[in-house]
>>> print(open('target-v8.cif').read())   # mmCIF, C-alpha atoms
data_entry
#
loop_
_atom_site.label_atom_id
_atom_site.label_comp_id
_atom_site.auth_asym_id
_atom_site.auth_seq_id
_atom_site.Cartn_x
_atom_site.Cartn_y
_atom_site.Cartn_z
CA MET A 1 -2.28 8.42 8.31
CA ASP A 2 -1.77 8.30 4.55
CA SER A 3 -2.05 11.39 2.35
CA SER A 4 -5.65 10.69 1.30
CA GLU A 5 -6.65 10.44 4.97
CA SER A 6 -4.85 13.66 5.85
CA ASP A 7 -6.65 15.37 2.94
CA TYR A 8 -9.95 14.10 4.33
CA PHE A 9 -9.31 15.64 7.74
CA GLU A 10 -7.74 18.87 6.47
CA ASN A 11 -10.76 21.08 7.28
CA PHE A 12 -11.87 19.16 10.36
CA GLY A 13 -10.82 19.16 14.00
CA ARG A 14 -12.31 18.06 17.31
CA VAL A 15 -14.13 19.76 20.18
CA HIS A 16 -14.51 17.57 23.27
CA GLY A 17 -13.90 14.56 21.03
CA VAL A 18 -16.53 15.48 18.41
CA LEU A 19 -15.44 16.10 14.81
CA LEU A 20 -16.26 19.65 13.64
CA TYR A 21 -15.21 22.15 11.00
CA LYS A 22 -11.95 23.94 11.85
CA HIS A 23 -13.55 27.30 10.99
CA PHE A 24 -16.08 26.70 13.76
CA ILE A 25 -13.51 25.48 16.27
CA LYS A 26 -11.29 28.53 15.78
CA TYR A 27 -14.00 30.71 17.34
CA TRP A 28 -15.34 28.13 19.79
CA ASP A 29 -14.99 30.42 22.84
CA ALA A 30 -17.69 32.70 21.41
CA VAL A 31 -20.06 29.73 21.04
CA GLU A 32 -19.36 28.33 24.48
CA SER A 33 -19.90 31.68 26.21
CA PHE A 34 -23.02 32.53 24.16
CA GLN A 35 -25.71 34.15 26.30
CA ALA A 36 -29.19 32.76 25.77
CA ARG A 37 -32.37 34.72 26.41
CA GLU A 38 -35.36 33.17 28.16
CA ASP A 39 -37.58 33.40 25.07
CA ASP A 40 -35.04 31.82 22.68
CA VAL A 41 -36.20 28.75 20.77
CA VAL A 42 -33.52 26.28 19.71
CA ILE A 43 -33.94 23.96 16.72
CA ALA A 44 -31.39 21.19 17.10
CA THR A 45 -30.70 18.36 14.67
CA TYR A 46 -27.98 16.09 13.44
CA PRO A 47 -27.10 17.45 9.95
CA LYS A 48 -29.43 16.57 7.08
CA SER A 49 -32.41 15.77 9.30
CA GLY A 50 -34.98 18.42 8.35
CA THR A 51 -33.45 21.48 10.01
CA THR A 52 -34.50 23.96 7.33
CA TRP A 53 -38.00 22.49 7.16
CA VAL A 54 -38.68 22.85 10.89
CA SER A 55 -36.93 26.26 10.99
CA GLU A 56 -39.36 27.54 8.35
CA ILE A 57 -42.36 26.06 10.18
CA VAL A 58 -41.34 27.74 13.44
CA ASP A 59 -40.66 31.06 11.73
CA VAL A 60 -44.12 31.03 10.12
CA ILE A 61 -45.63 30.28 13.55
CA TYR A 62 -43.77 33.26 15.03
CA LYS A 63 -44.86 35.48 12.15
CA GLU A 64 -48.47 34.33 12.75
CA GLY A 65 -48.87 32.86 9.29
CA ASP A 66 -47.56 35.88 7.37
CA VAL A 67 -45.55 34.01 4.74
CA GLU A 68 -44.75 37.22 2.86
CA LYS A 69 -42.81 38.41 5.91
CA CYS A 70 -40.88 35.14 5.86
CA LYS A 71 -40.02 35.63 2.19
CA LYS A 72 -38.30 38.95 2.89
CA ASP A 73 -35.03 37.27 3.89
CA ALA A 74 -33.19 33.96 3.59
CA ILE A 75 -33.83 31.30 6.21
CA PHE A 76 -30.16 31.41 7.28
CA ASN A 77 -30.64 35.05 8.30
CA ARG A 78 -34.06 34.58 9.90
CA VAL A 79 -32.86 31.51 11.83
CA PRO A 80 -29.10 31.98 12.34
CA PHE A 81 -26.84 28.94 12.66
CA LEU A 82 -25.31 29.39 16.13
CA GLU A 83 -21.88 27.74 15.75
CA CYS A 84 -21.39 28.53 12.07
CA ARG A 85 -18.38 30.75 11.41
CA ASN A 86 -16.39 31.32 8.27
CA GLU A 87 -14.06 34.23 9.00
CA ASP A 88 -15.98 37.36 7.96
CA LYS A 89 -18.50 35.69 5.63
CA ILE A 90 -20.70 34.05 8.25
CA ASN A 91 -20.85 34.63 11.99
CA GLY A 92 -23.80 32.92 13.68
CA VAL A 93 -23.04 34.26 17.15
CA LYS A 94 -22.85 37.86 15.90
CA GLN A 95 -26.08 37.47 13.88
CA LEU A 96 -27.89 36.20 16.95
CA GLU A 97 -26.49 38.83 19.31
CA GLU A 98 -27.77 41.54 16.99
CA LYS A 99 -31.20 39.94 16.60
CA ALA A 100 -34.26 41.18 18.45
CA SER A 101 -36.16 38.76 20.66
CA PRO A 102 -37.71 36.29 20.33
CA ARG A 103 -34.87 34.53 18.49
CA ILE A 104 -35.07 31.22 16.64
CA ILE A 105 -31.70 29.48 16.72
CA LYS A 106 -30.40 26.64 14.57
CA THR A 107 -27.73 24.27 15.84
CA HIS A 108 -26.34 20.79 15.16
CA LEU A 109 -24.71 20.55 18.58
CA THR A 110 -25.25 17.76 21.09
CA PRO A 111 -26.83 18.74 24.43
CA GLU A 112 -23.35 18.54 25.98
CA LEU A 113 -21.83 21.00 23.49
CA LEU A 114 -24.77 23.41 23.51
CA PRO A 115 -23.93 26.58 25.47
CA ALA A 116 -24.87 26.12 29.14
CA SER A 117 -26.95 29.31 29.17
CA PHE A 118 -29.71 27.63 27.12
CA TRP A 119 -30.22 25.07 29.88
CA GLU A 120 -29.87 27.66 32.65
CA LYS A 121 -32.51 29.91 31.06
CA ASN A 122 -34.84 26.93 30.48
CA CYS A 123 -35.18 27.77 26.77
CA LYS A 124 -37.53 25.73 24.59
CA MET A 125 -35.76 23.29 22.29
CA ILE A 126 -37.01 21.24 19.36
CA TYR A 127 -34.99 18.22 18.29
CA VAL A 128 -35.68 16.67 14.87
CA CYS A 129 -34.54 13.08 14.43
CA ARG A 130 -34.34 11.31 11.06
CA ASN A 131 -33.51 7.69 10.39
CA ALA A 132 -29.77 7.12 10.11
CA LYS A 133 -29.74 5.50 6.67
CA ASP A 134 -31.55 8.43 5.02
CA VAL A 135 -29.28 10.85 6.90
CA ALA A 136 -26.21 9.04 5.51
CA VAL A 137 -27.56 9.34 1.95
CA SER A 138 -28.38 13.03 2.31
CA TYR A 139 -25.05 13.78 4.02
CA TYR A 140 -23.19 12.04 1.17
CA TYR A 141 -24.73 14.43 -1.38
CA PHE A 142 -24.12 17.37 0.96
CA PHE A 143 -20.41 16.44 1.05
CA LYS A 144 -20.37 16.50 -2.76
CA MET A 145 -21.98 19.94 -3.10
CA VAL A 146 -20.32 21.91 -0.28
CA PRO A 147 -16.68 22.65 -1.25
CA VAL A 148 -15.36 22.76 2.33
CA HIS A 149 -15.79 18.97 2.44
CA PRO A 150 -13.24 16.49 1.12
CA ASN A 151 -14.18 14.03 -1.61
CA PRO A 152 -16.55 11.58 0.14
CA GLY A 153 -15.35 8.71 -2.07
CA THR A 154 -17.85 6.04 -3.06
CA PHE A 155 -21.13 5.79 -1.17
CA PRO A 156 -20.06 2.59 0.70
CA GLU A 157 -16.79 4.33 1.69
CA PHE A 158 -18.72 7.30 3.02
CA VAL A 159 -21.12 5.05 4.95
CA GLU A 160 -18.12 3.51 6.74
CA LYS A 161 -16.99 6.98 7.83
CA PHE A 162 -20.54 7.85 8.86
CA MET A 163 -20.82 4.70 10.99
CA ASP A 164 -17.49 5.53 12.66
CA GLY A 165 -18.53 9.12 13.39
CA LEU A 166 -15.82 10.49 11.07
CA VAL A 167 -18.08 13.24 9.71
CA PRO A 168 -18.82 16.71 11.12
CA TYR A 169 -20.84 16.42 14.36
CA GLY A 170 -19.56 12.92 14.93
CA SER A 171 -21.63 9.86 15.72
CA TRP A 172 -25.30 9.97 14.68
CA TYR A 173 -25.98 7.37 17.36
CA ASP A 174 -24.50 9.43 20.21
CA HIS A 175 -26.20 12.58 18.95
CA ALA A 176 -29.69 11.06 18.70
CA LYS A 177 -29.39 9.14 21.98
CA SER A 178 -28.21 12.15 23.98
CA TRP A 179 -31.10 14.32 22.74
CA TRP A 180 -33.54 11.42 23.26
CA GLU A 181 -32.59 11.42 26.95
CA LYS A 182 -33.24 15.18 27.13
CA ARG A 183 -36.85 14.73 25.92
CA LYS A 184 -37.67 13.87 29.53
CA THR A 185 -37.42 17.57 30.39
CA SER A 186 -40.44 19.72 29.56
CA GLN A 187 -38.26 22.20 27.65
CA VAL A 188 -37.40 19.68 24.90
CA LEU A 189 -39.78 18.50 22.17
CA PHE A 190 -38.41 15.47 20.28
CA ILE A 191 -39.99 14.92 16.86
CA PHE A 192 -39.31 12.66 13.88
CA TYR A 193 -38.71 13.69 10.28
CA GLU A 194 -40.73 10.67 9.19
CA ASP A 195 -43.75 11.89 11.19
CA LEU A 196 -43.50 15.28 9.47
CA ILE A 197 -43.68 13.52 6.10
CA GLU A 198 -46.49 11.20 7.13
CA ASP A 199 -48.75 13.79 8.79
CA LEU A 200 -47.40 17.33 8.53
CA ARG A 201 -50.62 18.85 9.88
CA LYS A 202 -50.46 16.82 13.10
CA GLU A 203 -46.80 17.73 13.71
CA VAL A 204 -47.41 21.42 12.94
CA ILE A 205 -50.18 21.49 15.57
CA LYS A 206 -47.80 19.81 18.04
CA LEU A 207 -45.16 22.49 17.34
CA ILE A 208 -47.64 25.37 17.66
CA GLN A 209 -48.85 24.05 21.02
CA PHE A 210 -45.30 23.45 22.28
CA LEU A 211 -44.50 27.08 21.47
CA GLY A 212 -47.50 28.22 23.53
CA ARG A 213 -49.63 29.36 20.60
CA LYS A 214 -53.15 28.45 19.52
CA PRO A 215 -53.38 26.27 16.39
CA SER A 216 -56.14 28.00 14.40
CA GLU A 217 -57.23 26.18 11.25
CA GLU A 218 -56.16 29.14 9.11
CA LEU A 219 -52.64 29.19 10.58
CA VAL A 220 -52.20 25.42 10.26
CA ASN A 221 -53.42 25.45 6.63
CA LYS A 222 -51.00 28.25 5.72
CA ILE A 223 -48.05 26.47 7.30
CA VAL A 224 -48.86 23.10 5.72
CA HIS A 225 -49.08 24.70 2.27
CA HIS A 226 -46.07 27.02 2.63
CA THR A 227 -43.76 24.34 4.03
CA SER A 228 -44.58 21.55 1.60
CA PHE A 229 -41.42 20.19 -0.04
CA GLN A 230 -42.28 21.58 -3.47
CA GLU A 231 -43.03 25.06 -2.11
CA MET A 232 -39.77 25.16 -0.17
CA LYS A 233 -37.73 23.73 -3.05
CA ASN A 234 -39.03 26.55 -5.29
CA ASN A 235 -38.60 29.27 -2.65
CA PRO A 236 -35.25 31.14 -2.95
CA THR A 237 -35.41 32.09 0.74
CA THR A 238 -35.45 28.42 1.81
CA ASN A 239 -33.61 26.51 -0.96
CA TYR A 240 -30.18 28.09 -0.29
CA THR A 241 -29.78 29.33 -3.88
CA MET A 242 -28.91 32.72 -2.36
CA LEU A 243 -25.51 31.30 -1.36
CA PRO A 244 -22.65 31.52 -3.88
CA ASP A 245 -21.32 28.38 -5.59
CA ASP A 246 -18.06 28.53 -3.64
CA MET A 247 -20.09 27.90 -0.47
CA MET A 248 -22.73 25.55 -1.83
CA ASN A 249 -22.58 24.31 -5.41
CA GLN A 250 -26.11 23.38 -6.41
CA LYS A 251 -24.99 22.62 -9.95
CA ILE A 252 -23.67 19.37 -8.47
CA CYS A 253 -26.77 18.59 -6.45
CA PRO A 254 -29.72 20.67 -5.20
CA PHE A 255 -29.77 21.47 -1.48
CA MET A 256 -33.38 20.31 -1.43
CA ARG A 257 -32.95 17.00 -3.17
CA LYS A 258 -35.94 14.70 -2.59
CA GLY A 259 -37.46 15.35 0.83
CA ILE A 260 -38.69 11.78 1.21
CA SER A 261 -38.32 8.90 3.63
CA GLY A 262 -36.77 5.63 2.52
CA ASP A 263 -34.45 6.94 -0.22
CA TRP A 264 -31.74 4.81 1.40
CA LYS A 265 -33.22 1.81 -0.44
CA ASN A 266 -31.98 3.36 -3.70
CA HIS A 267 -28.40 3.59 -2.39
CA PHE A 268 -27.68 0.75 0.04
CA THR A 269 -26.90 -2.68 -1.37
CA VAL A 270 -28.35 -5.61 0.59
CA ALA A 271 -24.89 -6.38 2.01
CA LEU A 272 -24.23 -2.76 3.04
CA SER A 273 -27.70 -2.49 4.56
CA GLU A 274 -27.16 -5.65 6.62
CA LYS A 275 -23.75 -4.44 7.79
CA PHE A 276 -25.25 -1.08 8.77
CA ASP A 277 -28.15 -2.75 10.61
CA GLU A 278 -25.76 -4.88 12.64
CA HIS A 279 -23.67 -1.84 13.59
CA TYR A 280 -26.84 0.11 14.39
CA GLU A 281 -28.03 -2.60 16.80
CA GLN A 282 -24.69 -2.53 18.62
CA GLN A 283 -24.61 1.27 18.89
CA MET A 284 -28.25 1.64 19.98
CA LYS A 285 -28.22 -1.22 22.48
CA GLY A 286 -29.92 -0.18 25.69
CA SER A 287 -31.65 2.85 24.14
CA THR A 288 -35.44 3.02 23.90
CA LEU A 289 -35.20 5.28 20.83
CA LYS A 290 -36.94 3.67 17.85
CA VAL A 291 -36.69 5.62 14.59
CA PRO A 292 -38.95 4.69 11.64
CA THR A 293 -36.85 3.57 8.63
CA GLU A 294 -39.78 3.82 6.24
CA ILE A 295 -43.34 5.05 6.19
#
>>> encode(input="target-v8.cif", output="structure tokens")
Amino acid sequence: MDSSESDYFENFGRVHGVLLYKHFIKYWDAVESFQAREDDVVIATYPKSGTTWVSEIVDVIYKEGDVEKCKKDAIFNRVPFLECRNEDKINGVKQLEEKASPRIIKTHLTPELLPASFWEKNCKMIYVCRNAKDVAVSYYYFFKMVPVHPNPGTFPEFVEKFMDGLVPYGSWYDHAKSWWEKRKTSQVLFIFYEDLIEDLRKEVIKLIQFLGRKPSEELVNKIVHHTSFQEMKNNPTTNYTMLPDDMMNQKICPFMRKGISGDWKNHFTVALSEKFDEHYEQQMKGSTLKVPTEI
């Protein structure tokens, strides 16, 4: 491993073969032994797949459309990030343990790494899947703006790492496929980022019903308006501007960048796109998962 490679992996390690942040791994026992409650709702995604969007939708559902209540605190406090730990600055497990039920929980873990208690307690889980090319683009900018990451290099260089699973949370393919298999259980709702963009109202109704609520027209209208990209981009409680620059430097790139489907076309060359497609076919062989690459 040359020095540039060792620099790249400086803040990363592995848990059960999956690349993760060393800060998270240091306290892994607390994640693994986390005790779920029966009324917990888990929002699981591969990074950069619409986590904040769906977290806000679910929180508005739980607050029965009272968006002012939602605006009283940042999304990362209302929907704590289970495995996130940065010494004393952030402690997802502690935040959740101190939270009253019902809890909404954010995670990027695979079903295999998710604490066993969530499966044992039959908790409801929502998985949001986004097409891999758009995820790679969004993750590239995320690497640039979050100082814990190494320099991602050029976009084609980063895409190579992404394809090889050499980014936090490992292989997109393994992640999406493993959650796709879990959709067969009634406790998991598998939805697509692209469907949220195409028909937010329809997906909001699906989420409300999955959570055992009634989708009144008033509630649906409030959610659709409040969770539009522009509203969330301008909302300090959802756009992560409450975090200091040393954790997330939005002078480099906004956390909420475009919120569209198909931005990969502005970043992938024809050659890179073809190479990615070939790799994608190999990795997804045998899976029935079909993710829209454009709307």
>>> residues_around(input="target-v8.cif", residues="Ile105 of chain A", least_positions_apart="2", cutoff="10 Å", atoms="only C-alpha atoms", output="short mmCIF file (atom, residue, chain, number, x, y, z; two decimals) with C-alpha atoms, keeping the file's coordinate frame")
data_model
loop_
_atom_site.label_atom_id
_atom_site.label_comp_id
_atom_site.auth_asym_id
_atom_site.auth_seq_id
_atom_site.Cartn_x
_atom_site.Cartn_y
_atom_site.Cartn_z
CA ALA A 36 -29.19 32.76 25.77
CA ASP A 40 -35.04 31.82 22.68
CA VAL A 41 -36.20 28.75 20.77
CA VAL A 42 -33.52 26.28 19.71
CA ILE A 43 -33.94 23.96 16.72
CA ALA A 44 -31.39 21.19 17.10
CA SER A 55 -36.93 26.26 10.99
CA PHE A 76 -30.16 31.41 7.28
CA ARG A 78 -34.06 34.58 9.90
CA VAL A 79 -32.86 31.51 11.83
CA PRO A 80 -29.10 31.98 12.34
CA PHE A 81 -26.84 28.94 12.66
CA LEU A 82 -25.31 29.39 16.13
CA GLY A 92 -23.80 32.92 13.68
CA VAL A 93 -23.04 34.26 17.15
CA LEU A 96 -27.89 36.20 16.95
CA PRO A 102 -37.71 36.29 20.33
CA ARG A 103 -34.87 34.53 18.49
CA THR A 107 -27.73 24.27 15.84
CA MET A 125 -35.76 23.29 22.29
#
>>> closest_atom_pairs(input="target-v8.cif", of="segment 161-259 of chain A", to="segment 137-144 of chain A", cutoff="8 Å", atoms="only C-alpha atoms", output="Markdown table")
| residue | atom | partner | partner_atom | distance |
| --- | --- | --- | --- | --- |
| A:Ile252 | CA | A:Lys144 | CA | 7.2 |
| A:Cys253 | CA | A:Tyr141 | CA | 6.9 |
| A:Phe255 | CA | A:Phe142 | CA | 7.4 |
>>> residues_near_point(input="target-v8.cif", point="(-42.3, 12.0, 14.6)", cutoff="10 Å", atoms="all atoms listed in the file", output="list in words")
Val128, Cys129, Arg130, Phe190, Ile191, Phe192, Tyr193, Glu194, Asp195, Leu196, Ile197, Glu198, Asp199, Leu200, Lys202, Glu203, Val291 and Pro292 of chain A
>>> closest_residue(input="target-v8.cif", among="A:Pro147, A:Pro47, A:Gly165, A:Gly17", to="Leu113 of chain A", atoms="only C-alpha atoms")
A:Gly17
>>> residues_around(input="target-v8.cif", residues="Pro156 of chain A", least_positions_apart="5", cutoff="9 Å", atoms="only C-alpha atoms", output="list in words")
Lys161, His267, Phe268, Thr269 and Leu272 of chain A
>>> resolve_selection(input="target-v8.cif", expression="the PyMOL selection byres ((chain A and resi 177-180) around 12)", output="JSON, numbers by chain")
{"A": [43, 44, 45, 46, 108, 109, 110, 111, 112, 113, 114, 125, 126, 127, 128, 129, 171, 172, 173, 174, 175, 176, 181, 182, 183, 184, 185, 187, 188, 189, 190, 191, 192, 283, 284, 285, 286, 287, 288, 289, 290, 291]}
>>> residues_around(input="target-v8.cif", residues="Gly65 of chain A", least_positions_apart="6", cutoff="9 Å", atoms="all atoms listed in the file", output="MDAnalysis selection string")
chainID A and resid 59 218:220 222:223
>>> axis_aligned_box(input="target-v8.cif", around="segment 222-235 of chain A", padding_each_side="4 Å", output="lines of an AutoDock Vina configuration file")
center_x = -44.4
center_y = 24.7
center_z = 1.0
size_x = 21.3
size_y = 17.1
size_z = 20.6
>>> closest_residue(input="target-v8.cif", among="A:Thr227, A:Lys265, A:Tyr240, A:Ile205", to="Val54 of chain A", atoms="all atoms listed in the file")
A:Thr227
>>> residues_near_point(input="target-v8.cif", point="(-38.6, 22.4, -2.1)", cutoff="12 Å", atoms="all atoms listed in the file", output="compact mmCIF listing (two decimals) with C-alpha atoms, in the coordinates of the input")
# COMPACT_ATOMS: atom_id res chain seq x y z
CA GLY A 50 -34.98 18.42 8.35
CA THR A 52 -34.50 23.96 7.33
CA TRP A 53 -38.00 22.49 7.16
CA GLU A 56 -39.36 27.54 8.35
CA HIS A 225 -49.08 24.70 2.27
CA HIS A 226 -46.07 27.02 2.63
CA THR A 227 -43.76 24.34 4.03
CA SER A 228 -44.58 21.55 1.60
CA PHE A 229 -41.42 20.19 -0.04
CA GLN A 230 -42.28 21.58 -3.47
CA GLU A 231 -43.03 25.06 -2.11
CA MET A 232 -39.77 25.16 -0.17
CA LYS A 233 -37.73 23.73 -3.05
CA ASN A 234 -39.03 26.55 -5.29
CA ASN A 235 -38.60 29.27 -2.65
CA PRO A 236 -35.25 31.14 -2.95
CA THR A 237 -35.41 32.09 0.74
CA THR A 238 -35.45 28.42 1.81
CA ASN A 239 -33.61 26.51 -0.96
CA TYR A 240 -30.18 28.09 -0.29
CA THR A 241 -29.78 29.33 -3.88
CA PRO A 254 -29.72 20.67 -5.20
CA PHE A 255 -29.77 21.47 -1.48
CA MET A 256 -33.38 20.31 -1.43
CA ARG A 257 -32.95 17.00 -3.17
CA LYS A 258 -35.94 14.70 -2.59
CA GLY A 259 -37.46 15.35 0.83
CA ILE A 260 -38.69 11.78 1.21
>>> resolve_selection(input="target-v8.cif", expression="the PyMOL selection byres ((chain A and resi 26) around 12)", output="ChimeraX atom specification")
/A:11-15,20-25,27-32,83-87,91
>>> atom_distance(input="target-v8.cif", atom1="atom CA of Asp263 of chain A", atom2="atom CA of Thr293 of chain A")
9.8 Å
>>> closest_residue(input="target-v8.cif", among="A:Ser216, A:Asn151, A:Ser261, A:Ser186", to="Phe9 of chain A", atoms="all atoms listed in the file")
A:Asn151
>>> atom_distance(input="target-v8.cif", atom1="atom CA of Val167 of chain A", atom2="atom CA of Phe276 of chain A")
16.0 Å
>>> closest_residue(input="target-v8.cif", among="A:Ala100, A:Val58, A:Ile90, A:Val135", to="Gln209 of chain A", atoms="all atoms listed in the file")
A:Val58
>>> atom_distance(input="target-v8.cif", atom1="atom CA of Leu19 of chain A", atom2="atom CA of Leu166 of chain A")
6.8 Å
>>> decode(input="target-v8.cif", residues="segment 197-206 of chain A", atoms="all heavy atoms", output="JSON list (two decimals), in the first residue's frame")
[["chain", "number", "residue", "atom", "x", "y", "z"],
["A", 197, "ILE", "N", -39.36, 11.26, -6.27],
["A", 197, "ILE", "CA", -39.24, 12.43, -7.13],
["A", 197, "ILE", "C", -40.39, 12.49, -8.14],
["A", 197, "ILE", "O", -40.97, 13.53, -8.37],
["A", 197, "ILE", "CB", -37.87, 12.42, -7.86],
["A", 197, "ILE", "CG1", -36.77, 12.80, -6.87],
["A", 197, "ILE", "CG2", -37.86, 13.39, -9.04],
["A", 197, "ILE", "CD1", -35.38, 12.77, -7.42],
["A", 198, "GLU", "N", -40.72, 11.32, -8.67],
["A", 198, "GLU", "CA", -41.73, 11.27, -9.73],
["A", 198, "GLU", "C", -43.14, 11.54, -9.21],
["A", 198, "GLU", "O", -43.93, 12.24, -9.83],
["A", 198, "GLU", "CB", -41.69, 9.91, -10.43],
["A", 198, "GLU", "CG", -42.51, 9.89, -11.70],
["A", 198, "GLU", "CD", -42.28, 8.64, -12.52],
["A", 198, "GLU", "OE1", -41.94, 7.58, -11.95],
["A", 198, "GLU", "OE2", -42.43, 8.74, -13.74],
["A", 199, "ASP", "N", -43.46, 10.96, -8.03],
["A", 199, "ASP", "CA", -44.82, 11.13, -7.49],
["A", 199, "ASP", "C", -44.74, 11.09, -5.96],
["A", 199, "ASP", "O", -45.03, 10.07, -5.33],
["A", 199, "ASP", "CB", -45.73, 10.03, -8.02],
["A", 199, "ASP", "CG", -47.21, 10.29, -7.73],
["A", 199, "ASP", "OD1", -47.50, 11.15, -6.86],
["A", 199, "ASP", "OD2", -48.07, 9.64, -8.35],
["A", 200, "LEU", "N", -44.33, 12.22, -5.39],
["A", 200, "LEU", "CA", -44.14, 12.31, -3.94],
["A", 200, "LEU", "C", -45.43, 11.98, -3.19],
["A", 200, "LEU", "O", -45.42, 11.26, -2.19],
["A", 200, "LEU", "CB", -43.62, 13.70, -3.55],
["A", 200, "LEU", "CG", -43.34, 13.93, -2.07],
["A", 200, "LEU", "CD1", -42.37, 12.91, -1.49],
["A", 200, "LEU", "CD2", -42.79, 15.35, -1.84],
["A", 201, "ARG", "N", -46.54, 12.49, -3.68],
["A", 201, "ARG", "CA", -47.84, 12.27, -3.02],
["A", 201, "ARG", "C", -48.14, 10.78, -2.87],
["A", 201, "ARG", "O", -48.51, 10.31, -1.79],
["A", 201, "ARG", "CB", -48.93, 12.96, -3.85],
["A", 201, "ARG", "CG", -50.35, 12.81, -3.31],
["A", 201, "ARG", "CD", -51.29, 13.65, -4.14],
["A", 201, "ARG", "NE", -50.97, 15.07, -3.99],
["A", 201, "ARG", "CZ", -51.44, 15.83, -3.01],
["A", 201, "ARG", "NH1", -52.28, 15.32, -2.11],
["A", 201, "ARG", "NH2", -51.11, 17.10, -2.91],
["A", 202, "LYS", "N", -47.95, 10.03, -3.95],
["A", 202, "LYS", "CA", -48.23, 8.59, -3.93],
["A", 202, "LYS", "C", -47.35, 7.87, -2.90],
["A", 202, "LYS", "O", -47.82, 7.01, -2.16],
["A", 202, "LYS", "CB", -47.98, 8.02, -5.33],
["A", 202, "LYS", "CG", -48.29, 6.54, -5.48],
["A", 202, "LYS", "CD", -47.95, 6.08, -6.89],
["A", 202, "LYS", "CE", -48.02, 4.57, -7.01],
["A", 202, "LYS", "NZ", -47.49, 4.11, -8.31],
["A", 203, "GLU", "N", -46.06, 8.24, -2.86],
["A", 203, "GLU", "CA", -45.13, 7.59, -1.93],
["A", 203, "GLU", "C", -45.41, 7.99, -0.49],
["A", 203, "GLU", "O", -45.25, 7.18, 0.44],
["A", 203, "GLU", "CB", -43.68, 7.91, -2.31],
["A", 203, "GLU", "CG", -43.27, 7.39, -3.69],
["A", 203, "GLU", "CD", -43.51, 5.90, -3.86],
["A", 203, "GLU", "OE1", -42.94, 5.11, -3.09],
["A", 203, "GLU", "OE2", -44.28, 5.53, -4.77],
["A", 204, "VAL", "N", -45.83, 9.23, -0.27],
["A", 204, "VAL", "CA", -46.18, 9.69, 1.08],
["A", 204, "VAL", "C", -47.37, 8.89, 1.60],
["A", 204, "VAL", "O", -47.37, 8.43, 2.75],
["A", 204, "VAL", "CB", -46.48, 11.21, 1.08],
["A", 204, "VAL", "CG1", -47.23, 11.62, 2.34],
["A", 204, "VAL", "CG2", -45.19, 12.01, 0.97],
["A", 205, "ILE", "N", -48.37, 8.69, 0.75],
["A", 205, "ILE", "CA", -49.55, 7.89, 1.14],
["A", 205, "ILE", "C", -49.12, 6.47, 1.50],
["A", 205, "ILE", "O", -49.56, 5.89, 2.50],
["A", 205, "ILE", "CB", -50.61, 7.89, 0.02],
["A", 205, "ILE", "CG1", -51.24, 9.28, -0.10],
["A", 205, "ILE", "CG2", -51.69, 6.84, 0.28],
["A", 205, "ILE", "CD1", -52.11, 9.50, -1.32],
["A", 206, "LYS", "N", -48.21, 5.90, 0.70],
["A", 206, "LYS", "CA", -47.69, 4.55, 0.96],
["A", 206, "LYS", "C", -47.01, 4.49, 2.33],
["A", 206, "LYS", "O", -47.21, 3.54, 3.10],
["A", 206, "LYS", "CB", -46.69, 4.20, -0.15],
["A", 206, "LYS", "CG", -46.33, 2.73, -0.24],
["A", 206, "LYS", "CD", -45.20, 2.50, -1.23],
["A", 206, "LYS", "CE", -45.62, 2.67, -2.68],
["A", 206, "LYS", "NZ", -44.50, 2.38, -3.61]]
